[in-house]
Amino acid sequence: MKKLIQLYVSWFKMGLFTFGGGYAMLPMIQKEVIEKYHWATEDEVMDYYAIGQCTPGVIAVNTSTFIGYYQAGIPGAIAATLGVVTPSIIIISIIAGLITNFSSLAIVQHALNGIRVAVCMLMINAVLKLGKGNIKNKIGFLIFAVALIFAMFTKVSTVLLVIGAGIAGVIFSRIGWLKKNA
Amino acid sequence: MPKLLLMFLEFFKTGLFAVGGGLATIPFLREIGVRYGWYTMSDLSTMIAVSESTPGPMGVNMASYVGFSQYGVLGSIIVTLGLILPSLIVICIIANFLEKFKEAELVQQIFAGLKPAVVAFIAVATIDILVTTLFGDYTFSTFHWKQFICLFILLALSKYKPKLHPIWFIVASAVVGIVFAF
């Protein structure tokens, strides 16, 4: 029971302070899930993101379900997932009910523009850290670069890119250019 | 069929078929609005604006908003549950499967290819938010120097205080955004 409450509260916090969706949640996940509670390693979180990317649903929700499931089975998955969506329900209900012109208020715009700068900083640091941990050789860098170019400059769906990267992983591993876990 | 149940089912369907995170839900929401007339396209753009400017995963915020607009807090809860239920089921199945096969060589090889690709996706998301924050958009016609200075300071601060929780950076930069009218 204690574990379930811990999962709920921790994901509530992550939901409450994530602005901009799944990827922007990563710095918060690094802090709460990886460093504070040791619910998963950075490696595992990357796996969950990859899977969350090509399975249906919101990525943040998918990631919370994964972590919760491995900590406490289906009850854990439910606790973590409900935790991550509760702030949305509360905040949206308040704003939709009371402040209909919320997003056009000047103070909200200024605050959001400020928050966006923090999100930039947090994500730059997260990407540098992840790059160091997950791109360990030339082939890894090649996959990174190709995926980056496709995701940045083409309309190829992320699902296809994930599948392509998976196939590349198998091929390069089989011919011995990519070591396991590298 | 009672309208609330219908809404639950429509959002369940969205959660089941919208692959790739919050933005992927928008075409589904458009279709639901057109088909049932629960909200107009102008309501939808308000909902998107509010969902983007409040914390939490965007898809979840959208579901909460649509539910609230029709049935208040109850609607908000029911519709959000509809959206996340497919993820919860699908991810629990995959998590269970992954637990059994994660040592399998093939699975390891696939993930070896996926990890660098996921870093690339996060890098693209980071570049996107960086460009939006500093230049407004990809035309690079404006330069927000206040944000640039703030980002520089935040990056330096995060090197100096790497253990500080991301929440503090977010709160502080919201305040800075308001004070300096970003």
# chains A, B, ... in the order shown; residues from 1 in each chain; ligands from 1
>>> select_by_dssp(residues="chain A", states="helix (DSSP H, G or I)", output="PyMOL selection string")
chain A and resi 2-16+22-36+42-54+59-98+102-104+106-134+138-153+158-174
>>> residues_around(residues="region 33-36 of chain A", least_positions_apart="6", cutoff="12 Å", atoms="only C-alpha atoms", output="ChimeraX atom specification")
/A:6-7,9-11,13-14,25-27,42-46,63-64,66-68,71,80 /B:162-165
>>> interface_residues(of="chain B", to="chain A", cutoff="6 Å", atoms="only C-alpha atoms", output="compact mmCIF listing (two decimals) with all heavy atoms, in the first residue's frame")
# COMPACT_ATOMS: atom_id res chain seq x y z
N GLY B 15 -7.62 6.89 -27.54
CA GLY B 15 -6.47 6.38 -26.79
C GLY B 15 -5.89 5.13 -27.43
O GLY B 15 -4.70 4.86 -27.34
N LEU B 16 -6.75 4.37 -28.08
CA LEU B 16 -6.32 3.11 -28.67
C LEU B 16 -5.62 3.30 -30.02
O LEU B 16 -4.75 2.54 -30.39
CB LEU B 16 -7.54 2.19 -28.83
CG LEU B 16 -7.29 0.74 -29.25
CD1 LEU B 16 -6.37 0.04 -28.25
CD2 LEU B 16 -8.61 -0.01 -29.36
N PHE B 17 -6.01 4.34 -30.74
CA PHE B 17 -5.49 4.49 -32.11
C PHE B 17 -4.55 5.67 -32.32
O PHE B 17 -3.89 5.75 -33.35
CB PHE B 17 -6.65 4.56 -33.11
CG PHE B 17 -7.38 3.27 -33.23
CD1 PHE B 17 -8.68 3.15 -32.76
CD2 PHE B 17 -6.77 2.16 -33.80
CE1 PHE B 17 -9.35 1.93 -32.84
CE2 PHE B 17 -7.43 0.94 -33.89
CZ PHE B 17 -8.73 0.84 -33.41
N ALA B 18 -4.51 6.60 -31.36
CA ALA B 18 -3.61 7.74 -31.54
C ALA B 18 -2.20 7.35 -31.09
O ALA B 18 -1.91 7.31 -29.91
CB ALA B 18 -4.11 8.94 -30.75
N VAL B 19 -1.35 7.02 -32.04
CA VAL B 19 0.00 6.58 -31.72
C VAL B 19 0.96 7.76 -31.84
O VAL B 19 0.96 8.46 -32.86
CB VAL B 19 0.44 5.44 -32.66
CG1 VAL B 19 1.88 5.02 -32.37
CG2 VAL B 19 -0.51 4.26 -32.52
N GLY B 20 1.77 8.00 -30.80
CA GLY B 20 2.82 9.02 -30.92
C GLY B 20 2.59 10.25 -30.07
O GLY B 20 3.09 11.32 -30.37
N GLY B 21 1.79 10.13 -29.01
CA GLY B 21 1.71 11.22 -28.04
C GLY B 21 0.59 12.22 -28.28
O GLY B 21 -0.23 12.06 -29.19
N GLY B 22 0.60 13.26 -27.46
CA GLY B 22 -0.48 14.24 -27.37
C GLY B 22 -0.95 14.83 -28.70
O GLY B 22 -2.14 14.88 -28.98
N VAL B 50 -5.37 26.08 -24.14
CA VAL B 50 -5.35 25.88 -22.69
C VAL B 50 -4.53 24.63 -22.33
O VAL B 50 -3.73 24.64 -21.40
CB VAL B 50 -6.79 25.76 -22.12
CG1 VAL B 50 -6.77 25.35 -20.66
CG2 VAL B 50 -7.54 27.07 -22.28
N PRO B 55 -0.07 22.59 -17.00
CA PRO B 55 0.80 21.42 -16.84
C PRO B 55 0.09 20.12 -17.19
O PRO B 55 -1.13 20.08 -17.24
CB PRO B 55 1.16 21.46 -15.35
CG PRO B 55 0.12 22.29 -14.70
CD PRO B 55 -0.33 23.26 -15.73
N GLY B 56 0.89 19.09 -17.41
CA GLY B 56 0.33 17.77 -17.70
C GLY B 56 0.43 17.43 -19.17
O GLY B 56 0.57 18.32 -20.01
N PRO B 57 0.36 16.12 -19.48
CA PRO B 57 0.43 15.69 -20.87
C PRO B 57 -0.72 16.30 -21.67
O PRO B 57 -1.85 16.36 -21.18
CB PRO B 57 0.25 14.17 -20.79
CG PRO B 57 0.46 13.80 -19.38
CD PRO B 57 0.17 15.00 -18.55
N MET B 58 -0.43 16.78 -22.87
CA MET B 58 -1.42 17.52 -23.63
C MET B 58 -2.68 16.71 -23.96
O MET B 58 -3.79 17.21 -23.84
CB MET B 58 -0.79 18.04 -24.91
CG MET B 58 -1.62 19.12 -25.50
SD MET B 58 -0.83 19.70 -26.99
CE MET B 58 -2.29 20.00 -27.94
N ASN B 61 -4.87 16.57 -20.98
CA ASN B 61 -5.53 17.87 -20.75
C ASN B 61 -6.71 18.06 -21.69
O ASN B 61 -7.77 18.54 -21.29
CB ASN B 61 -4.53 19.01 -20.96
CG ASN B 61 -3.47 19.05 -19.88
OD1 ASN B 61 -3.58 18.35 -18.87
ND2 ASN B 61 -2.44 19.84 -20.08
N SER B 64 -9.60 15.94 -20.52
CA SER B 64 -10.22 16.53 -19.34
C SER B 64 -11.11 17.70 -19.73
O SER B 64 -12.21 17.87 -19.21
CB SER B 64 -9.15 17.04 -18.36
OG SER B 64 -8.31 16.01 -17.96
N TYR B 65 -10.60 18.51 -20.66
CA TYR B 65 -11.34 19.71 -21.09
C TYR B 65 -12.66 19.34 -21.78
O TYR B 65 -13.73 19.87 -21.44
CB TYR B 65 -10.46 20.54 -22.03
CG TYR B 65 -10.84 22.00 -22.06
CD1 TYR B 65 -9.87 22.99 -21.92
CD2 TYR B 65 -12.16 22.41 -22.24
CE1 TYR B 65 -10.19 24.33 -21.95
CE2 TYR B 65 -12.49 23.75 -22.26
CZ TYR B 65 -11.50 24.71 -22.12
OH TYR B 65 -11.82 26.04 -22.15
N SER B 87 -4.05 2.57 -23.03
CA SER B 87 -2.61 2.56 -22.72
C SER B 87 -2.33 1.62 -21.57
O SER B 87 -1.39 0.83 -21.59
CB SER B 87 -2.13 3.94 -22.26
OG SER B 87 -2.22 4.85 -23.28
N GLN B 109 19.23 -6.82 -29.00
CA GLN B 109 19.73 -6.23 -30.23
C GLN B 109 18.80 -5.12 -30.73
O GLN B 109 19.25 -4.06 -31.18
CB GLN B 109 19.89 -7.31 -31.30
CG GLN B 109 21.01 -8.29 -30.97
CD GLN B 109 21.04 -9.49 -31.90
OE1 GLN B 109 20.08 -9.75 -32.64
NE2 GLN B 109 22.13 -10.22 -31.87
N ILE B 110 17.50 -5.37 -30.63
CA ILE B 110 16.53 -4.35 -31.05
C ILE B 110 16.73 -3.08 -30.21
O ILE B 110 16.84 -1.98 -30.74
CB ILE B 110 15.08 -4.88 -30.91
CG1 ILE B 110 14.82 -5.98 -31.94
CG2 ILE B 110 14.07 -3.74 -31.07
CD1 ILE B 110 13.49 -6.71 -31.77
N ALA B 112 19.33 -2.11 -28.61
CA ALA B 112 20.62 -1.47 -28.90
C ALA B 112 20.46 -0.48 -30.06
O ALA B 112 21.11 0.56 -30.10
CB ALA B 112 21.67 -2.52 -29.23
N GLY B 113 19.57 -0.79 -31.01
CA GLY B 113 19.32 0.12 -32.12
C GLY B 113 18.36 1.24 -31.74
O GLY B 113 18.46 2.37 -32.22
N LEU B 114 17.41 0.91 -30.85
CA LEU B 114 16.39 1.90 -30.48
C LEU B 114 16.94 3.05 -29.65
O LEU B 114 16.53 4.19 -29.81
CB LEU B 114 15.28 1.21 -29.68
CG LEU B 114 14.35 0.28 -30.44
CD1 LEU B 114 13.21 -0.16 -29.53
CD2 LEU B 114 13.78 1.01 -31.66
N PRO B 116 19.81 4.87 -29.42
CA PRO B 116 20.31 6.10 -30.06
C PRO B 116 19.19 6.84 -30.79
O PRO B 116 19.19 8.08 -30.82
CB PRO B 116 21.35 5.59 -31.07
CG PRO B 116 21.68 4.21 -30.62
CD PRO B 116 20.49 3.67 -29.92
N ALA B 117 18.21 6.10 -31.34
CA ALA B 117 17.11 6.75 -32.06
C ALA B 117 16.25 7.56 -31.09
O ALA B 117 15.83 8.69 -31.41
CB ALA B 117 16.26 5.71 -32.80
N ALA B 120 17.76 10.71 -30.39
CA ALA B 120 17.54 11.63 -31.51
C ALA B 120 16.16 12.29 -31.42
O ALA B 120 16.03 13.50 -31.64
CB ALA B 120 17.69 10.89 -32.84
N THR B 126 13.95 18.89 -28.27
CA THR B 126 14.71 19.95 -27.60
C THR B 126 15.02 21.10 -28.57
O THR B 126 14.85 22.27 -28.22
CB THR B 126 16.04 19.39 -27.04
OG1 THR B 126 15.74 18.25 -26.23
CG2 THR B 126 16.77 20.43 -26.22
N LEU B 130 13.72 24.89 -28.22
CA LEU B 130 14.78 25.91 -28.17
C LEU B 130 14.54 26.99 -29.22
O LEU B 130 14.60 28.20 -28.93
CB LEU B 130 16.13 25.22 -28.40
CG LEU B 130 17.38 26.01 -28.04
CD1 LEU B 130 17.41 26.31 -26.56
CD2 LEU B 130 18.63 25.21 -28.43
N LEU B 151 18.25 31.77 -20.35
CA LEU B 151 18.68 30.40 -20.63
C LEU B 151 20.14 30.21 -20.25
O LEU B 151 20.52 29.21 -19.64
CB LEU B 151 18.46 30.07 -22.11
CG LEU B 151 18.92 28.68 -22.55
CD1 LEU B 151 18.15 27.58 -21.82
CD2 LEU B 151 18.76 28.50 -24.06
N LEU B 155 21.47 27.61 -17.48
CA LEU B 155 22.42 26.54 -17.82
C LEU B 155 23.62 26.58 -16.86
O LEU B 155 24.06 25.54 -16.37
CB LEU B 155 22.89 26.66 -19.27
CG LEU B 155 21.94 26.09 -20.32
CD1 LEU B 155 22.38 26.50 -21.72
CD2 LEU B 155 21.85 24.57 -20.22
N PHE B 169 13.59 25.07 -10.80
CA PHE B 169 13.95 25.85 -11.99
C PHE B 169 12.68 26.33 -12.72
O PHE B 169 12.62 27.45 -13.22
CB PHE B 169 14.79 25.00 -12.95
CG PHE B 169 16.20 24.79 -12.47
CD1 PHE B 169 16.62 23.54 -12.04
CD2 PHE B 169 17.10 25.85 -12.45
CE1 PHE B 169 17.93 23.35 -11.59
CE2 PHE B 169 18.40 25.67 -12.01
CZ PHE B 169 18.81 24.41 -11.58
N ILE B 170 11.67 25.43 -12.77
CA ILE B 170 10.42 25.78 -13.46
C ILE B 170 9.70 26.90 -12.74
O ILE B 170 9.28 27.90 -13.35
CB ILE B 170 9.53 24.52 -13.62
CG1 ILE B 170 10.18 23.60 -14.65
CG2 ILE B 170 8.11 24.90 -14.02
CD1 ILE B 170 9.54 22.24 -14.77
N SER B 173 11.68 30.22 -13.03
CA SER B 173 11.66 30.87 -14.34
C SER B 173 10.26 31.37 -14.70
O SER B 173 10.12 32.30 -15.48
CB SER B 173 12.22 29.95 -15.42
OG SER B 173 11.48 28.78 -15.48
N ALA B 174 9.22 30.78 -14.10
CA ALA B 174 7.87 31.34 -14.28
C ALA B 174 7.82 32.74 -13.66
O ALA B 174 7.31 33.68 -14.27
CB ALA B 174 6.82 30.43 -13.65
N GLY B 177 9.80 35.11 -15.75
CA GLY B 177 9.02 35.43 -16.95
C GLY B 177 7.98 36.51 -16.68
O GLY B 177 7.79 37.42 -17.50
N ILE B 178 7.33 36.42 -15.52
CA ILE B 178 6.30 37.41 -15.17
C ILE B 178 6.95 38.77 -14.87
O ILE B 178 6.54 39.81 -15.40
CB ILE B 178 5.47 36.94 -13.96
CG1 ILE B 178 4.63 35.72 -14.35
CG2 ILE B 178 4.55 38.05 -13.47
CD1 ILE B 178 3.96 35.01 -13.20
N ALA B 181 8.44 40.31 -17.97
CA ALA B 181 7.49 40.33 -19.09
C ALA B 181 8.04 39.68 -20.36
O ALA B 181 8.15 40.32 -21.40
CB ALA B 181 7.05 41.78 -19.38
N PHE B 182 8.39 38.40 -20.25
CA PHE B 182 8.90 37.64 -21.41
C PHE B 182 7.84 37.57 -22.50
O PHE B 182 6.67 37.46 -22.23
CB PHE B 182 9.27 36.21 -20.97
CG PHE B 182 10.64 36.13 -20.36
CD1 PHE B 182 11.28 37.27 -19.90
CD2 PHE B 182 11.28 34.90 -20.24
CE1 PHE B 182 12.54 37.16 -19.33
CE2 PHE B 182 12.54 34.80 -19.67
CZ PHE B 182 13.16 35.93 -19.20
>>> closest_residue(among="B:Ile94, B:Ile77, B:Val34, B:Phe68", to="Leu98 (chain A)", atoms="only C-alpha atoms")
B:Phe68
>>> residues_around(residues="Met1 (chain A)", least_positions_apart="6", cutoff="10 Å", atoms="only C-alpha atoms", output="VMD selection string")
chain A and resid 7 72 75 to 76
>>> write_last_selection(atoms="C-alpha atoms", output="compact mmCIF listing (two decimals), in the first residue's frame")
# COMPACT_ATOMS: atom_id res chain seq x y z
CA LEU A 7 3.85 5.86 -6.91
CA ALA A 72 3.79 -3.22 -8.03
CA PRO A 75 -2.23 -2.02 -9.01
CA GLY A 76 1.08 -0.18 -9.36
>>> residues_around(residues="region 38-49 of chain B", least_positions_apart="3", cutoff="8 Å", atoms="only C-alpha atoms", output="PDB file with all heavy atoms, in the first residue's frame")
ATOM      1  N   SER A 103      -5.767  31.245 -21.332  1.00  0.00           N
ATOM      2  CA  SER A 103      -4.523  31.205 -22.112  1.00  0.00           C
ATOM      3  C   SER A 103      -4.216  32.527 -22.807  1.00  0.00           C
ATOM      4  O   SER A 103      -3.132  32.708 -23.347  1.00  0.00           O
ATOM      5  CB  SER A 103      -4.551  30.055 -23.112  1.00  0.00           C
ATOM      6  OG  SER A 103      -5.710  30.140 -23.884  1.00  0.00           O
TER       7      SER A 103
ATOM      8  N   LEU B  29      -9.750  14.329 -32.179  1.00  0.00           N
ATOM      9  CA  LEU B  29     -10.645  15.261 -31.494  1.00  0.00           C
ATOM     10  C   LEU B  29     -11.432  16.094 -32.498  1.00  0.00           C
ATOM     11  O   LEU B  29     -12.607  16.385 -32.312  1.00  0.00           O
ATOM     12  CB  LEU B  29      -9.842  16.183 -30.570  1.00  0.00           C
ATOM     13  CG  LEU B  29      -9.118  15.475 -29.431  1.00  0.00           C
ATOM     14  CD1 LEU B  29      -8.319  16.464 -28.614  1.00  0.00           C
ATOM     15  CD2 LEU B  29     -10.115  14.751 -28.546  1.00  0.00           C
ATOM     16  N   ARG B  30     -10.752  16.471 -33.587  1.00  0.00           N
ATOM     17  CA  ARG B  30     -11.417  17.224 -34.650  1.00  0.00           C
ATOM     18  C   ARG B  30     -12.605  16.417 -35.182  1.00  0.00           C
ATOM     19  O   ARG B  30     -13.720  16.912 -35.297  1.00  0.00           O
ATOM     20  CB  ARG B  30     -10.413  17.464 -35.774  1.00  0.00           C
ATOM     21  CG  ARG B  30     -10.707  18.644 -36.652  1.00  0.00           C
ATOM     22  CD  ARG B  30      -9.602  18.810 -37.666  1.00  0.00           C
ATOM     23  NE  ARG B  30      -8.332  19.231 -37.045  1.00  0.00           N
ATOM     24  CZ  ARG B  30      -8.029  20.506 -36.784  1.00  0.00           C
ATOM     25  NH1 ARG B  30      -8.886  21.457 -37.090  1.00  0.00           N
ATOM     26  NH2 ARG B  30      -6.894  20.827 -36.246  1.00  0.00           N
ATOM     27  N   ILE B  32     -14.220  13.920 -33.772  1.00  0.00           N
ATOM     28  CA  ILE B  32     -15.280  13.763 -32.766  1.00  0.00           C
ATOM     29  C   ILE B  32     -16.154  15.020 -32.717  1.00  0.00           C
ATOM     30  O   ILE B  32     -17.383  14.939 -32.700  1.00  0.00           O
ATOM     31  CB  ILE B  32     -14.666  13.484 -31.371  1.00  0.00           C
ATOM     32  CG1 ILE B  32     -13.999  12.107 -31.354  1.00  0.00           C
ATOM     33  CG2 ILE B  32     -15.724  13.568 -30.273  1.00  0.00           C
ATOM     34  CD1 ILE B  32     -13.181  11.818 -30.103  1.00  0.00           C
ATOM     35  N   GLY B  33     -15.499  16.187 -32.741  1.00  0.00           N
ATOM     36  CA  GLY B  33     -16.236  17.449 -32.711  1.00  0.00           C
ATOM     37  C   GLY B  33     -17.163  17.583 -33.906  1.00  0.00           C
ATOM     38  O   GLY B  33     -18.325  17.978 -33.778  1.00  0.00           O
ATOM     39  N   VAL B  34     -16.650  17.242 -35.078  1.00  0.00           N
ATOM     40  CA  VAL B  34     -17.443  17.352 -36.308  1.00  0.00           C
ATOM     41  C   VAL B  34     -18.619  16.376 -36.269  1.00  0.00           C
ATOM     42  O   VAL B  34     -19.750  16.726 -36.586  1.00  0.00           O
ATOM     43  CB  VAL B  34     -16.561  17.091 -37.558  1.00  0.00           C
ATOM     44  CG1 VAL B  34     -17.422  16.948 -38.803  1.00  0.00           C
ATOM     45  CG2 VAL B  34     -15.536  18.201 -37.722  1.00  0.00           C
ATOM     46  N   GLU B  52      -2.086  23.410 -23.888  1.00  0.00           N
ATOM     47  CA  GLU B  52      -0.659  23.671 -24.042  1.00  0.00           C
ATOM     48  C   GLU B  52      -0.128  24.562 -22.940  1.00  0.00           C
ATOM     49  O   GLU B  52       1.054  24.543 -22.640  1.00  0.00           O
ATOM     50  CB  GLU B  52      -0.390  24.320 -25.411  1.00  0.00           C
ATOM     51  CG  GLU B  52      -0.280  23.286 -26.508  1.00  0.00           C
ATOM     52  CD  GLU B  52      -0.121  23.899 -27.885  1.00  0.00           C
ATOM     53  OE1 GLU B  52      -0.527  25.065 -28.063  1.00  0.00           O
ATOM     54  OE2 GLU B  52       0.395  23.203 -28.773  1.00  0.00           O
ATOM     55  N   SER B  53      -1.010  25.378 -22.351  1.00  0.00           N
ATOM     56  CA  SER B  53      -0.512  26.324 -21.357  1.00  0.00           C
ATOM     57  C   SER B  53      -0.767  25.875 -19.922  1.00  0.00           C
ATOM     58  O   SER B  53      -0.551  26.642 -18.995  1.00  0.00           O
ATOM     59  CB  SER B  53      -1.087  27.724 -21.604  1.00  0.00           C
ATOM     60  OG  SER B  53      -2.450  27.660 -21.861  1.00  0.00           O
ATOM     61  N   MET B  62      -6.511  17.675 -22.952  1.00  0.00           N
ATOM     62  CA  MET B  62      -7.588  17.815 -23.942  1.00  0.00           C
ATOM     63  C   MET B  62      -8.805  16.983 -23.532  1.00  0.00           C
ATOM     64  O   MET B  62      -9.940  17.447 -23.591  1.00  0.00           O
ATOM     65  CB  MET B  62      -7.117  17.360 -25.324  1.00  0.00           C
ATOM     66  CG  MET B  62      -5.974  18.140 -25.905  1.00  0.00           C
ATOM     67  SD  MET B  62      -6.467  19.771 -26.462  1.00  0.00           S
ATOM     68  CE  MET B  62      -7.562  19.319 -27.776  1.00  0.00           C
ATOM     69  N   TYR B  65     -10.603  18.511 -20.664  1.00  0.00           N
ATOM     70  CA  TYR B  65     -11.341  19.709 -21.087  1.00  0.00           C
ATOM     71  C   TYR B  65     -12.661  19.338 -21.779  1.00  0.00           C
ATOM     72  O   TYR B  65     -13.728  19.866 -21.443  1.00  0.00           O
ATOM     73  CB  TYR B  65     -10.464  20.545 -22.026  1.00  0.00           C
ATOM     74  CG  TYR B  65     -10.842  22.003 -22.062  1.00  0.00           C
ATOM     75  CD1 TYR B  65      -9.868  22.991 -21.923  1.00  0.00           C
ATOM     76  CD2 TYR B  65     -12.165  22.410 -22.239  1.00  0.00           C
ATOM     77  CE1 TYR B  65     -10.190  24.332 -21.951  1.00  0.00           C
ATOM     78  CE2 TYR B  65     -12.493  23.753 -22.264  1.00  0.00           C
ATOM     79  CZ  TYR B  65     -11.501  24.713 -22.125  1.00  0.00           C
ATOM     80  OH  TYR B  65     -11.820  26.036 -22.154  1.00  0.00           O
ATOM     81  N   VAL B  66     -12.569  18.414 -22.723  1.00  0.00           N
ATOM     82  CA  VAL B  66     -13.786  18.007 -23.447  1.00  0.00           C
ATOM     83  C   VAL B  66     -14.813  17.440 -22.471  1.00  0.00           C
ATOM     84  O   VAL B  66     -15.996  17.799 -22.505  1.00  0.00           O
ATOM     85  CB  VAL B  66     -13.456  16.961 -24.547  1.00  0.00           C
ATOM     86  CG1 VAL B  66     -14.742  16.429 -25.172  1.00  0.00           C
ATOM     87  CG2 VAL B  66     -12.564  17.572 -25.617  1.00  0.00           C
ATOM     88  N   GLN B  70     -18.770  19.201 -21.146  1.00  0.00           N
ATOM     89  CA  GLN B  70     -20.091  18.596 -21.288  1.00  0.00           C
ATOM     90  C   GLN B  70     -20.719  18.198 -19.952  1.00  0.00           C
ATOM     91  O   GLN B  70     -21.913  18.334 -19.763  1.00  0.00           O
ATOM     92  CB  GLN B  70     -20.000  17.335 -22.176  1.00  0.00           C
ATOM     93  CG  GLN B  70     -19.355  17.569 -23.527  1.00  0.00           C
ATOM     94  CD  GLN B  70     -20.143  18.546 -24.383  1.00  0.00           C
ATOM     95  OE1 GLN B  70     -21.361  18.430 -24.502  1.00  0.00           O
ATOM     96  NE2 GLN B  70     -19.457  19.516 -24.965  1.00  0.00           N
TER      97      GLN B  70
END
>>> decode(residues="region 67-83 of chain A", atoms="N, CA, C and O atoms", output="tab-separated table (two decimals), in the first residue's frame")
chain	number	residue	atom	x	y	z
A	67	ILE	N	6.51	2.00	-15.43
A	67	ILE	CA	7.22	2.09	-14.15
A	67	ILE	C	6.36	1.50	-13.03
A	67	ILE	O	6.82	0.70	-12.22
A	68	GLY	N	5.08	1.89	-13.01
A	68	GLY	CA	4.17	1.41	-11.99
A	68	GLY	C	4.01	-0.10	-12.03
A	68	GLY	O	4.04	-0.77	-11.00
A	69	TYR	N	3.90	-0.66	-13.24
A	69	TYR	CA	3.72	-2.10	-13.40
A	69	TYR	C	4.90	-2.86	-12.84
A	69	TYR	O	4.73	-3.85	-12.11
A	70	TYR	N	6.12	-2.41	-13.14
A	70	TYR	CA	7.30	-3.14	-12.66
A	70	TYR	C	7.50	-2.98	-11.17
A	70	TYR	O	8.14	-3.81	-10.53
A	71	GLN	N	6.96	-1.92	-10.58
A	71	GLN	CA	7.10	-1.74	-9.14
A	71	GLN	C	6.08	-2.54	-8.35
A	71	GLN	O	6.39	-3.08	-7.31
A	72	ALA	N	4.85	-2.60	-8.83
A	72	ALA	CA	3.79	-3.22	-8.03
A	72	ALA	C	2.69	-3.84	-8.89
A	72	ALA	O	1.53	-3.80	-8.52
A	73	GLY	N	3.07	-4.41	-10.02
A	73	GLY	CA	2.08	-5.10	-10.84
A	73	GLY	C	0.98	-4.19	-11.35
A	73	GLY	O	1.17	-2.98	-11.46
A	74	ILE	N	-0.18	-4.77	-11.62
A	74	ILE	CA	-1.28	-3.99	-12.18
A	74	ILE	C	-1.75	-2.87	-11.23
A	74	ILE	O	-1.96	-1.74	-11.67
A	75	PRO	N	-1.86	-3.15	-9.90
A	75	PRO	CA	-2.23	-2.02	-9.01
A	75	PRO	C	-1.23	-0.87	-9.10
A	75	PRO	O	-1.62	0.30	-9.08
A	76	GLY	N	0.05	-1.21	-9.22
A	76	GLY	CA	1.08	-0.18	-9.36
A	76	GLY	C	0.90	0.61	-10.63
A	76	GLY	O	1.03	1.84	-10.65
A	77	ALA	N	0.61	-0.09	-11.72
A	77	ALA	CA	0.39	0.58	-13.01
A	77	ALA	C	-0.77	1.55	-12.90
A	77	ALA	O	-0.70	2.69	-13.37
A	78	ILE	N	-1.84	1.09	-12.25
A	78	ILE	CA	-3.02	1.96	-12.10
A	78	ILE	C	-2.70	3.17	-11.22
A	78	ILE	O	-3.03	4.31	-11.57
A	79	ALA	N	-2.00	2.93	-10.10
A	79	ALA	CA	-1.67	4.04	-9.18
A	79	ALA	C	-0.83	5.11	-9.89
A	79	ALA	O	-1.13	6.30	-9.80
A	80	ALA	N	0.21	4.67	-10.60
A	80	ALA	CA	1.10	5.63	-11.26
A	80	ALA	C	0.35	6.40	-12.35
A	80	ALA	O	0.49	7.61	-12.48
A	81	THR	N	-0.45	5.67	-13.13
A	81	THR	CA	-1.16	6.30	-14.24
A	81	THR	C	-2.21	7.30	-13.74
A	81	THR	O	-2.31	8.41	-14.27
A	82	LEU	N	-2.95	6.91	-12.69
A	82	LEU	CA	-3.93	7.85	-12.13
A	82	LEU	C	-3.20	9.06	-11.55
A	82	LEU	O	-3.68	10.19	-11.67
A	83	GLY	N	-2.03	8.83	-10.96
A	83	GLY	CA	-1.25	9.94	-10.41
A	83	GLY	C	-0.90	10.96	-11.46
A	83	GLY	O	-1.07	12.16	-11.26
